[in-house]
Amino acid sequence: MSEWWFAVRYLLVDLTGNIANMPVVMAMMLPMLLAFELPLMILTLSGILKWFSRQYQSGAQKKKGPLPKVSCIITCYSEGEAIRITVETLREQLYPGQIEIIAVIDGAQQNAHTYQVARSCIYDFDGLFNRQLVLLPKWQRGGRVSTLNSGLAVATGEIIINVDGDTSFDNDMVDEIVRCFDDPNVPAVGGALRVRNLDDSIVTRMQGIEYMISMHGGKTGLSEWNLINNISGAFGAFRRDFLRGIGGWDTHTAEDLDLTVRIKHYLRRYPAMKIGFAAKAVGHTDVPNTVVTLCQQRLRWDGDLLFLYLRKHIYSMTPRILGWKTFIYTLVFGIGQNIVLPLLVAIYSWWLVFSYPSQFVAALLIGLYLIYLFFSVINLLVFVIAISEQPLKDLKMAPWLVVYPVYTFATRMWAAVAILNELFRRAHEESGMAPWWVLKRGQHFRWLHFRRDKRP
């Protein structure tokens with residue numbers, strides 16, 4: 001074993017010292033970094049610096065002018081007592097304007113406990129003139145899309161905020177969200193999410209870092225270039241009239257990414273339109289705390305990417321609809337990085353294992369690990385310095401970065417499984433986000449399927 005490790009160390013030093021003179025090694029290590037990881041990192045970090053400089057120059061500004069009424073649609077299914085925390089954090093918002101909280105209980109007959117908890121929250125609104133709780137029980141379960149559209153139908157606020165029933169919020173969340181809508185060209189805004197059960201396990205800690213670096217930090221940077229990839233279904237905001245005008249949420253699965261893609265269809269026709277991100281509007285959510293539950297979640301998340309990009313919206317993936325900037329970003333990072341790259345990584349990894357000695361494979365993987373660890377450290381430091389509202393607490397996550405590259409590699413390998421699962425089994429039709437009869441009644445999308453008019 002000592003000889004094996006000696007060989008690995010020797011190869012690692014040799015690879016590091018001669019990488020520029022070894023085309024084979026460069027071909028093994030650098031294409032994925034140069035094609036996907038490094039450009040995205042530069043794009044994201046430059047956007048964060050742009051956002052930070054703008055925040056530093058403007059300072060804290062209070063909302064001026066009229067205060068629009070805000071409607072918060074809570075999707076409730078089986079949260080039970082957790083729904084009370086969500087309602088309380090919305091009721092206790094510092095926003096001086098009116099907030100209408102609409103709790104839509106999907107399948108209220110089966111989820112009687114959640115319905116009763118929501119009903120008991122009504123008494124907390126006695127005497128509050130600018131806060132209102134509306135209960136909307138749906139006795140027949142229809143799924144997330146049905147729940148959201150039911151809330152949208154009765155909402156009276158100018159701004160709609162959709163939230164999950166197990167999500168809580170900082171008390172300045174609505175203030176930060178509404179401030180983004182001061183720009184009349186912004187029809188939709190994403191909110192930042194943090195992991196609430198961070199200390200449950202190493203799995204939740206890895207997701208905590210992922211939420212900070214990739215989701216919170218990444219969306220902050222990308223939004224500065226109007227390239228935000230997704231408005232989270234657990235926390236997003238929209239102009240009510242705009243949302244109703246495009247038909248609200250659509251059926252199938254991954255309704256959040258689907259809605260974001262549909263909004264992007266307007267970008268070429270309306271060049272001034274921007275999808276915003278409120279980096280200081282923070283929500284807190286529980287994430288899977290075991291490997292099994294995490295794999296189940298990512299099986300749906302990653303498979304949905306293929307369904308939406310390459311099945312449902314394949315014919316709108318053109319610069320004629322999206323505009324060149326959004327089209328190139330979606331092609332390279334939406335499809336290339338999230339769908340093609342996991343498959344390439346899986347194939348590449350197996351090819352390495354079966355084609356080269358174990359010492360060479362180990363040295364190469366350690367080199368890649370060190371590169372990704374360096375990237376992770378840079379991303380976390382930038383997030384802590386420029387974005388974080390709790391920098392000292394977030395900085396304590398730094399020691400866990402030594403595991404993070406392994407986590408990202410594992411999730412990428414699992415993403416390949418999810419993509420193949422969707423490709424061959426149409427797994428989006430098995431989603432738990434809606435009953436099977438709702439998903440089956442939706443339109444079925446096939447490869448290269450053109451709808452033709454029947455003529456006699």
# chains A, B, ... in the order shown; residues from 1 in each chain; ligands from 1
call {"tool": "residues_around", "arguments": {"residues": "Ile263 of chain A", "least_positions_apart": "3", "cutoff": "9 Å", "atoms": "only C-alpha atoms", "output": "count of residues only"}}
result
9
call {"tool": "closest_atom_pairs", "arguments": {"of": "segment 192-242 of chain A", "to": "segment 369-389 of chain A", "cutoff": "9 Å", "atoms": "only C-alpha atoms", "output": "tab-separated table"}}
result
residue	atom	partner	partner_atom	distance
A:Ile209	CA	A:Leu380	CA	8.0
A:Met212	CA	A:Phe383	CA	7.2
A:Ile213	CA	A:Leu380	CA	6.1
A:Ser214	CA	A:Asn379	CA	8.7
A:His216	CA	A:Phe383	CA	8.4
A:Gly217	CA	A:Phe383	CA	5.9
A:Thr220	CA	A:Ile387	CA	8.4
call {"tool": "residues_around", "arguments": {"residues": "Leu133 of chain A", "least_positions_apart": "6", "cutoff": "8 Å", "atoms": "only C-alpha atoms", "output": "list in words"}}
result
Glu100, Ile101, Ile102, Ala103, Ile122 and Phe125 of chain A
call {"tool": "select_by_dssp", "arguments": {"residues": "segment 51-247 of chain A", "states": "strand (DSSP E or B)", "output": "PyMOL selection string"}}
result
chain A and resi 70-76+99-106+131-138+159-164+168-169+188-195+235-239
call {"tool": "residues_around", "arguments": {"residues": "Met273 of chain A", "least_positions_apart": "2", "cutoff": "6 Å", "atoms": "only C-alpha atoms", "output": "list in words"}}
result
Asn185, Val186, Tyr270 and Pro271 of chain A
call {"tool": "write_last_selection", "arguments": {"atoms": "all heavy atoms", "output": "PDB file, in the first residue's frame"}}
result
ATOM      1  N   ASN A 185     -40.097  47.342 -15.046  1.00  0.00           N
ATOM      2  CA  ASN A 185     -39.731  46.327 -16.026  1.00  0.00           C
ATOM      3  C   ASN A 185     -39.496  44.951 -15.395  1.00  0.00           C
ATOM      4  O   ASN A 185     -39.139  44.007 -16.094  1.00  0.00           O
ATOM      5  CB  ASN A 185     -38.460  46.752 -16.773  1.00  0.00           C
ATOM      6  CG  ASN A 185     -38.687  47.990 -17.633  1.00  0.00           C
ATOM      7  OD1 ASN A 185     -39.653  48.056 -18.386  1.00  0.00           O
ATOM      8  ND2 ASN A 185     -37.809  48.959 -17.495  1.00  0.00           N
ATOM      9  N   VAL A 186     -39.689  44.847 -14.083  1.00  0.00           N
ATOM     10  CA  VAL A 186     -39.478  43.579 -13.378  1.00  0.00           C
ATOM     11  C   VAL A 186     -40.833  42.911 -13.138  1.00  0.00           C
ATOM     12  O   VAL A 186     -41.625  43.407 -12.335  1.00  0.00           O
ATOM     13  CB  VAL A 186     -38.753  43.801 -12.033  1.00  0.00           C
ATOM     14  CG1 VAL A 186     -38.699  42.496 -11.232  1.00  0.00           C
ATOM     15  CG2 VAL A 186     -37.349  44.332 -12.269  1.00  0.00           C
ATOM     16  N   TYR A 270     -39.412  42.125 -25.334  1.00  0.00           N
ATOM     17  CA  TYR A 270     -39.354  43.240 -24.394  1.00  0.00           C
ATOM     18  C   TYR A 270     -37.950  43.282 -23.791  1.00  0.00           C
ATOM     19  O   TYR A 270     -37.715  42.771 -22.696  1.00  0.00           O
ATOM     20  CB  TYR A 270     -40.408  43.071 -23.299  1.00  0.00           C
ATOM     21  CG  TYR A 270     -41.817  42.958 -23.837  1.00  0.00           C
ATOM     22  CD1 TYR A 270     -42.394  41.697 -24.057  1.00  0.00           C
ATOM     23  CD2 TYR A 270     -42.558  44.094 -24.145  1.00  0.00           C
ATOM     24  CE1 TYR A 270     -43.693  41.593 -24.557  1.00  0.00           C
ATOM     25  CE2 TYR A 270     -43.849  43.989 -24.654  1.00  0.00           C
ATOM     26  CZ  TYR A 270     -44.401  42.734 -24.863  1.00  0.00           C
ATOM     27  OH  TYR A 270     -45.672  42.639 -25.367  1.00  0.00           O
ATOM     28  N   PRO A 271     -36.986  43.892 -24.505  1.00  0.00           N
ATOM     29  CA  PRO A 271     -35.579  43.861 -24.074  1.00  0.00           C
ATOM     30  C   PRO A 271     -35.343  44.468 -22.703  1.00  0.00           C
ATOM     31  O   PRO A 271     -34.356  44.117 -22.037  1.00  0.00           O
ATOM     32  CB  PRO A 271     -34.862  44.677 -25.167  1.00  0.00           C
ATOM     33  CG  PRO A 271     -35.783  44.646 -26.343  1.00  0.00           C
ATOM     34  CD  PRO A 271     -37.160  44.602 -25.783  1.00  0.00           C
TER      35      PRO A 271
END
call {"tool": "atom_distance", "arguments": {"atom1": "atom CA of Phe424 of chain A", "atom2": "atom CA of Tyr309 of chain A"}}
result
15.7 Å
call {"tool": "atom_distance", "arguments": {"atom1": "atom CA of Gln140 of chain A", "atom2": "atom CA of Asn111 of chain A"}}
result
10.5 Å
call {"tool": "closest_atom_pairs", "arguments": {"of": "segment 291-352 of chain A", "to": "segment 403-421 of chain A", "cutoff": "12 Å", "atoms": "only C-alpha atoms", "output": "tab-separated table"}}
result
residue	atom	partner	partner_atom	distance
A:Val291	CA	A:Thr411	CA	10.4
A:Val292	CA	A:Trp414	CA	11.6
A:Leu294	CA	A:Thr411	CA	9.3
A:Cys295	CA	A:Trp414	CA	7.5
A:Gln296	CA	A:Ala418	CA	9.4
A:Gln297	CA	A:Ala418	CA	10.1
A:Arg298	CA	A:Ala415	CA	7.1
A:Leu299	CA	A:Ala418	CA	4.7
A:Arg300	CA	A:Ala418	CA	7.1
A:Trp301	CA	A:Ala418	CA	8.2
A:Asp302	CA	A:Ala415	CA	5.7
A:Gly303	CA	A:Ile419	CA	4.8
A:Asp304	CA	A:Ile419	CA	8.2
A:Leu305	CA	A:Ile419	CA	8.1
A:Leu306	CA	A:Ile419	CA	6.5
A:Phe307	CA	A:Ile419	CA	8.9
A:Leu308	CA	A:Ile419	CA	11.7
A:Tyr309	CA	A:Ile419	CA	11.8
A:Leu310	CA	A:Ile419	CA	11.1
A:Ile335	CA	A:Ile419	CA	11.4
A:Gln337	CA	A:Arg412	CA	9.9
A:Asn338	CA	A:Ala415	CA	8.1
A:Ile339	CA	A:Ile419	CA	6.8
A:Val340	CA	A:Ala416	CA	8.6
A:Leu341	CA	A:Arg412	CA	8.4
A:Pro342	CA	A:Ala416	CA	5.0
A:Leu343	CA	A:Ala416	CA	5.0
A:Leu344	CA	A:Ala416	CA	8.5
A:Val345	CA	A:Met413	CA	7.1
A:Ala346	CA	A:Met413	CA	5.8
A:Ile347	CA	A:Ala416	CA	9.5
A:Tyr348	CA	A:Met413	CA	10.8
A:Ser349	CA	A:Met413	CA	9.3
A:Trp350	CA	A:Met413	CA	10.9
call {"tool": "write_last_selection", "arguments": {"atoms": "C-alpha atoms", "output": "mmCIF file, in the first residue's frame"}}
result
data_model
loop_
_atom_site.group_PDB
_atom_site.id
_atom_site.type_symbol
_atom_site.label_atom_id
_atom_site.label_comp_id
_atom_site.auth_asym_id
_atom_site.auth_seq_id
_atom_site.Cartn_x
_atom_site.Cartn_y
_atom_site.Cartn_z
ATOM 1 C CA VAL A 291 -28.791 10.179 1.507
ATOM 2 C CA VAL A 292 -31.935 8.281 0.485
ATOM 3 C CA LEU A 294 -31.749 13.513 -0.977
ATOM 4 C CA CYS A 295 -31.451 11.060 -3.866
ATOM 5 C CA GLN A 296 -35.234 10.909 -4.172
ATOM 6 C CA GLN A 297 -35.423 14.703 -4.332
ATOM 7 C CA ARG A 298 -32.629 15.069 -6.893
ATOM 8 C CA LEU A 299 -34.046 12.249 -8.998
ATOM 9 C CA ARG A 300 -37.048 14.515 -9.547
ATOM 10 C CA TRP A 301 -35.157 17.814 -9.782
ATOM 11 C CA ASP A 302 -32.544 16.691 -12.319
ATOM 12 C CA GLY A 303 -34.958 14.631 -14.386
ATOM 13 C CA ASP A 304 -37.306 17.591 -14.628
ATOM 14 C CA LEU A 305 -34.558 19.627 -16.314
ATOM 15 C CA LEU A 306 -34.484 17.233 -19.244
ATOM 16 C CA PHE A 307 -38.280 17.131 -19.447
ATOM 17 C CA LEU A 308 -38.653 20.914 -19.524
ATOM 18 C CA TYR A 309 -35.714 21.866 -21.729
ATOM 19 C CA LEU A 310 -35.740 18.998 -24.224
ATOM 20 C CA ILE A 335 -28.763 22.124 -21.171
ATOM 21 C CA GLN A 337 -24.014 21.793 -17.804
ATOM 22 C CA ASN A 338 -27.133 20.296 -16.235
ATOM 23 C CA ILE A 339 -28.045 17.600 -18.764
ATOM 24 C CA VAL A 340 -25.098 16.781 -21.027
ATOM 25 C CA LEU A 341 -22.263 17.260 -18.516
ATOM 26 C CA PRO A 342 -23.487 14.732 -15.896
ATOM 27 C CA LEU A 343 -23.657 12.062 -18.595
ATOM 28 C CA LEU A 344 -20.174 12.980 -19.825
ATOM 29 C CA VAL A 345 -18.786 12.935 -16.285
ATOM 30 C CA ALA A 346 -20.254 9.482 -15.659
ATOM 31 C CA ILE A 347 -18.900 8.083 -18.951
ATOM 32 C CA TYR A 348 -15.547 9.794 -18.454
ATOM 33 C CA SER A 349 -15.179 8.427 -14.919
ATOM 34 C CA TRP A 350 -15.876 4.853 -15.947
#
call {"tool": "select_by_dssp", "arguments": {"residues": "segment 168-285 of chain A", "states": "helix (DSSP H, G or I)", "output": "PyMOL selection string"}}
result
chain A and resi 173-180+202-224+240-245+255-264
call {"tool": "residues_around", "arguments": {"residues": "Leu40 of chain A", "least_positions_apart": "5", "cutoff": "10 Å", "atoms": "only C-alpha atoms", "output": "tab-separated table (two decimals) with all heavy atoms, in the first residue's frame"}}
result
chain	number	residue	atom	x	y	z
A	33	LEU	N	-13.72	22.06	-17.08
A	33	LEU	CA	-13.50	23.28	-16.31
A	33	LEU	C	-13.59	24.51	-17.20
A	33	LEU	O	-14.22	25.51	-16.85
A	33	LEU	CB	-12.13	23.23	-15.63
A	33	LEU	CG	-11.95	22.22	-14.50
A	33	LEU	CD1	-10.50	22.16	-14.08
A	33	LEU	CD2	-12.81	22.60	-13.31
A	34	LEU	N	-12.93	24.46	-18.36
A	34	LEU	CA	-12.88	25.62	-19.25
A	34	LEU	C	-14.21	25.87	-19.95
A	34	LEU	O	-14.57	27.01	-20.22
A	34	LEU	CB	-11.77	25.43	-20.29
A	34	LEU	CG	-10.34	25.38	-19.74
A	34	LEU	CD1	-9.34	25.13	-20.87
A	34	LEU	CD2	-10.00	26.66	-19.00
A	35	ALA	N	-14.94	24.80	-20.23
A	35	ALA	CA	-16.19	24.95	-20.98
A	35	ALA	C	-17.37	25.34	-20.09
A	35	ALA	O	-18.27	26.06	-20.53
A	35	ALA	CB	-16.51	23.65	-21.72
A	45	LEU	N	-19.32	35.53	-10.20
A	45	LEU	CA	-18.56	36.39	-9.30
A	45	LEU	C	-18.54	37.83	-9.78
A	45	LEU	O	-18.63	38.76	-8.96
A	45	LEU	CB	-17.12	35.86	-9.17
A	45	LEU	CG	-16.97	34.52	-8.46
A	45	LEU	CD1	-15.49	34.15	-8.33
A	45	LEU	CD2	-17.62	34.53	-7.09
A	46	SER	N	-18.46	38.04	-11.07
A	46	SER	CA	-18.50	39.42	-11.57
A	46	SER	C	-19.86	40.05	-11.30
A	46	SER	O	-19.96	41.24	-10.97
A	46	SER	CB	-18.20	39.45	-13.07
A	46	SER	OG	-19.17	38.70	-13.80
A	218	GLY	N	-25.13	32.22	-6.48
A	218	GLY	CA	-25.23	32.10	-7.93
A	218	GLY	C	-26.33	32.95	-8.52
A	218	GLY	O	-26.14	33.65	-9.52
A	221	GLY	N	-25.52	36.74	-8.48
A	221	GLY	CA	-24.64	37.15	-9.57
A	221	GLY	C	-25.30	37.10	-10.93
A	221	GLY	O	-25.20	38.05	-11.72
A	222	LEU	N	-26.02	36.02	-11.21
A	222	LEU	CA	-26.64	35.87	-12.53
A	222	LEU	C	-27.75	36.89	-12.76
A	222	LEU	O	-27.98	37.31	-13.90
A	222	LEU	CB	-27.19	34.45	-12.68
A	222	LEU	CG	-26.15	33.33	-12.74
A	222	LEU	CD1	-26.82	31.97	-12.75
A	222	LEU	CD2	-25.26	33.49	-13.96
A	329	TYR	N	-26.89	31.25	-22.94
A	329	TYR	CA	-26.76	30.83	-21.55
A	329	TYR	C	-27.54	29.54	-21.30
A	329	TYR	O	-27.04	28.61	-20.66
A	329	TYR	CB	-27.26	31.93	-20.61
A	329	TYR	CG	-27.26	31.50	-19.16
A	329	TYR	CD1	-26.09	31.56	-18.41
A	329	TYR	CD2	-28.40	30.98	-18.56
A	329	TYR	CE1	-26.07	31.12	-17.10
A	329	TYR	CE2	-28.39	30.54	-17.25
A	329	TYR	CZ	-27.22	30.62	-16.52
A	329	TYR	OH	-27.20	30.18	-15.22
A	332	VAL	N	-25.73	26.55	-23.05
A	332	VAL	CA	-24.46	26.13	-22.45
A	332	VAL	C	-24.65	25.64	-21.02
A	332	VAL	O	-24.17	24.56	-20.66
A	332	VAL	CB	-23.44	27.29	-22.50
A	332	VAL	CG1	-22.16	26.89	-21.76
A	332	VAL	CG2	-23.13	27.66	-23.93
A	333	PHE	N	-25.36	26.43	-20.21
A	333	PHE	CA	-25.43	26.12	-18.79
A	333	PHE	C	-26.73	25.41	-18.38
A	333	PHE	O	-26.74	24.62	-17.44
A	333	PHE	CB	-25.25	27.39	-17.95
A	333	PHE	CG	-23.90	28.03	-18.16
A	333	PHE	CD1	-23.78	29.24	-18.82
A	333	PHE	CD2	-22.76	27.41	-17.72
A	333	PHE	CE1	-22.55	29.82	-19.02
A	333	PHE	CE2	-21.51	27.99	-17.91
A	333	PHE	CZ	-21.40	29.20	-18.57
A	337	GLN	N	-24.55	22.11	-19.12
A	337	GLN	CA	-24.01	21.79	-17.80
A	337	GLN	C	-24.92	20.86	-17.00
A	337	GLN	O	-24.43	19.98	-16.29
A	337	GLN	CB	-23.76	23.07	-17.02
A	337	GLN	CG	-23.06	22.83	-15.70
A	337	GLN	CD	-22.87	24.10	-14.90
A	337	GLN	OE1	-23.79	24.92	-14.81
A	337	GLN	NE2	-21.70	24.27	-14.31
call {"tool": "atom_distance", "arguments": {"atom1": "atom CA of Ser150 of chain A", "atom2": "atom CA of Asp164 of chain A"}}
result
14.5 Å
call {"tool": "residues_around", "arguments": {"residues": "Ile160 of chain A", "least_positions_apart": "5", "cutoff": "7 Å", "atoms": "only C-alpha atoms", "output": "list of chain:residue names"}}
result
A:Val70, A:Ser71, A:Cys72, A:Ala237, A:Phe238, A:Arg239, A:Arg240
call {"tool": "write_last_selection", "arguments": {"atoms": "all heavy atoms", "output": "compact mmCIF listing (two decimals), in the first residue's frame"}}
result
# COMPACT_ATOMS: atom_id res chain seq x y z
N VAL A 70 -49.76 43.12 -0.83
CA VAL A 70 -49.05 41.87 -1.13
C VAL A 70 -49.91 40.69 -0.73
O VAL A 70 -50.48 40.66 0.37
CB VAL A 70 -47.70 41.82 -0.37
CG1 VAL A 70 -47.01 40.48 -0.61
CG2 VAL A 70 -46.80 42.98 -0.80
N SER A 71 -50.04 39.71 -1.63
CA SER A 71 -50.75 38.47 -1.33
C SER A 71 -49.74 37.33 -1.28
O SER A 71 -49.00 37.10 -2.24
CB SER A 71 -51.80 38.16 -2.39
OG SER A 71 -52.85 39.10 -2.36
N CYS A 72 -49.68 36.64 -0.15
CA CYS A 72 -48.78 35.50 0.02
C CYS A 72 -49.58 34.21 -0.08
O CYS A 72 -50.44 33.94 0.77
CB CYS A 72 -48.07 35.57 1.38
SG CYS A 72 -47.06 37.05 1.61
N ALA A 237 -41.82 35.66 -6.26
CA ALA A 237 -42.78 36.77 -6.27
C ALA A 237 -43.04 37.23 -7.70
O ALA A 237 -42.13 37.20 -8.54
CB ALA A 237 -42.26 37.93 -5.42
N PHE A 238 -44.28 37.68 -7.95
CA PHE A 238 -44.69 38.06 -9.29
C PHE A 238 -45.70 39.21 -9.23
O PHE A 238 -46.41 39.36 -8.24
CB PHE A 238 -45.36 36.86 -10.01
CG PHE A 238 -44.56 35.60 -9.96
CD1 PHE A 238 -44.68 34.72 -8.88
CD2 PHE A 238 -43.67 35.28 -10.96
CE1 PHE A 238 -43.94 33.56 -8.82
CE2 PHE A 238 -42.93 34.11 -10.91
CZ PHE A 238 -43.06 33.25 -9.84
N ARG A 239 -45.74 39.98 -10.30
CA ARG A 239 -46.85 40.94 -10.45
C ARG A 239 -48.11 40.13 -10.76
O ARG A 239 -48.11 39.30 -11.68
CB ARG A 239 -46.55 41.94 -11.56
CG ARG A 239 -45.38 42.86 -11.26
CD ARG A 239 -45.30 43.97 -12.29
NE ARG A 239 -44.06 44.71 -12.14
CZ ARG A 239 -43.88 45.73 -11.30
NH1 ARG A 239 -44.91 46.12 -10.54
NH2 ARG A 239 -42.73 46.34 -11.21
N ARG A 240 -49.17 40.39 -10.02
CA ARG A 240 -50.39 39.59 -10.16
C ARG A 240 -50.93 39.64 -11.59
O ARG A 240 -51.25 38.60 -12.18
CB ARG A 240 -51.46 40.09 -9.19
CG ARG A 240 -52.77 39.29 -9.24
CD ARG A 240 -53.88 40.06 -8.55
NE ARG A 240 -54.12 41.33 -9.22
CZ ARG A 240 -54.82 42.33 -8.70
NH1 ARG A 240 -55.33 42.21 -7.49
NH2 ARG A 240 -55.00 43.45 -9.37
call {"tool": "residues_around", "arguments": {"residues": "segment 82-95 of chain A", "least_positions_apart": "2", "cutoff": "6 Å", "atoms": "only C-alpha atoms", "output": "list in words"}}
result
Glu79, Gly80, Gly97, Gly165, Asp166, Thr167, Ser168, Phe169, Asn171, Asp172 and Asp175 of chain A
call {"tool": "closest_residue", "arguments": {"among": "A:Trp351, A:Phe235, A:Phe129, A:Phe181", "to": "Ile161 of chain A", "atoms": "only C-alpha atoms"}}
result
A:Phe235
call {"tool": "closest_residue", "arguments": {"among": "A:Gly157, A:Gln57, A:Tyr356, A:Thr114", "to": "Gln132 of chain A", "atoms": "only C-alpha atoms"}}
result
A:Gly157
call {"tool": "closest_residue", "arguments": {"among": "A:Gly236, A:Gly151, A:Pro137, A:Gly208", "to": "Asp394 of chain A", "atoms": "only C-alpha atoms"}}
result
A:Gly208
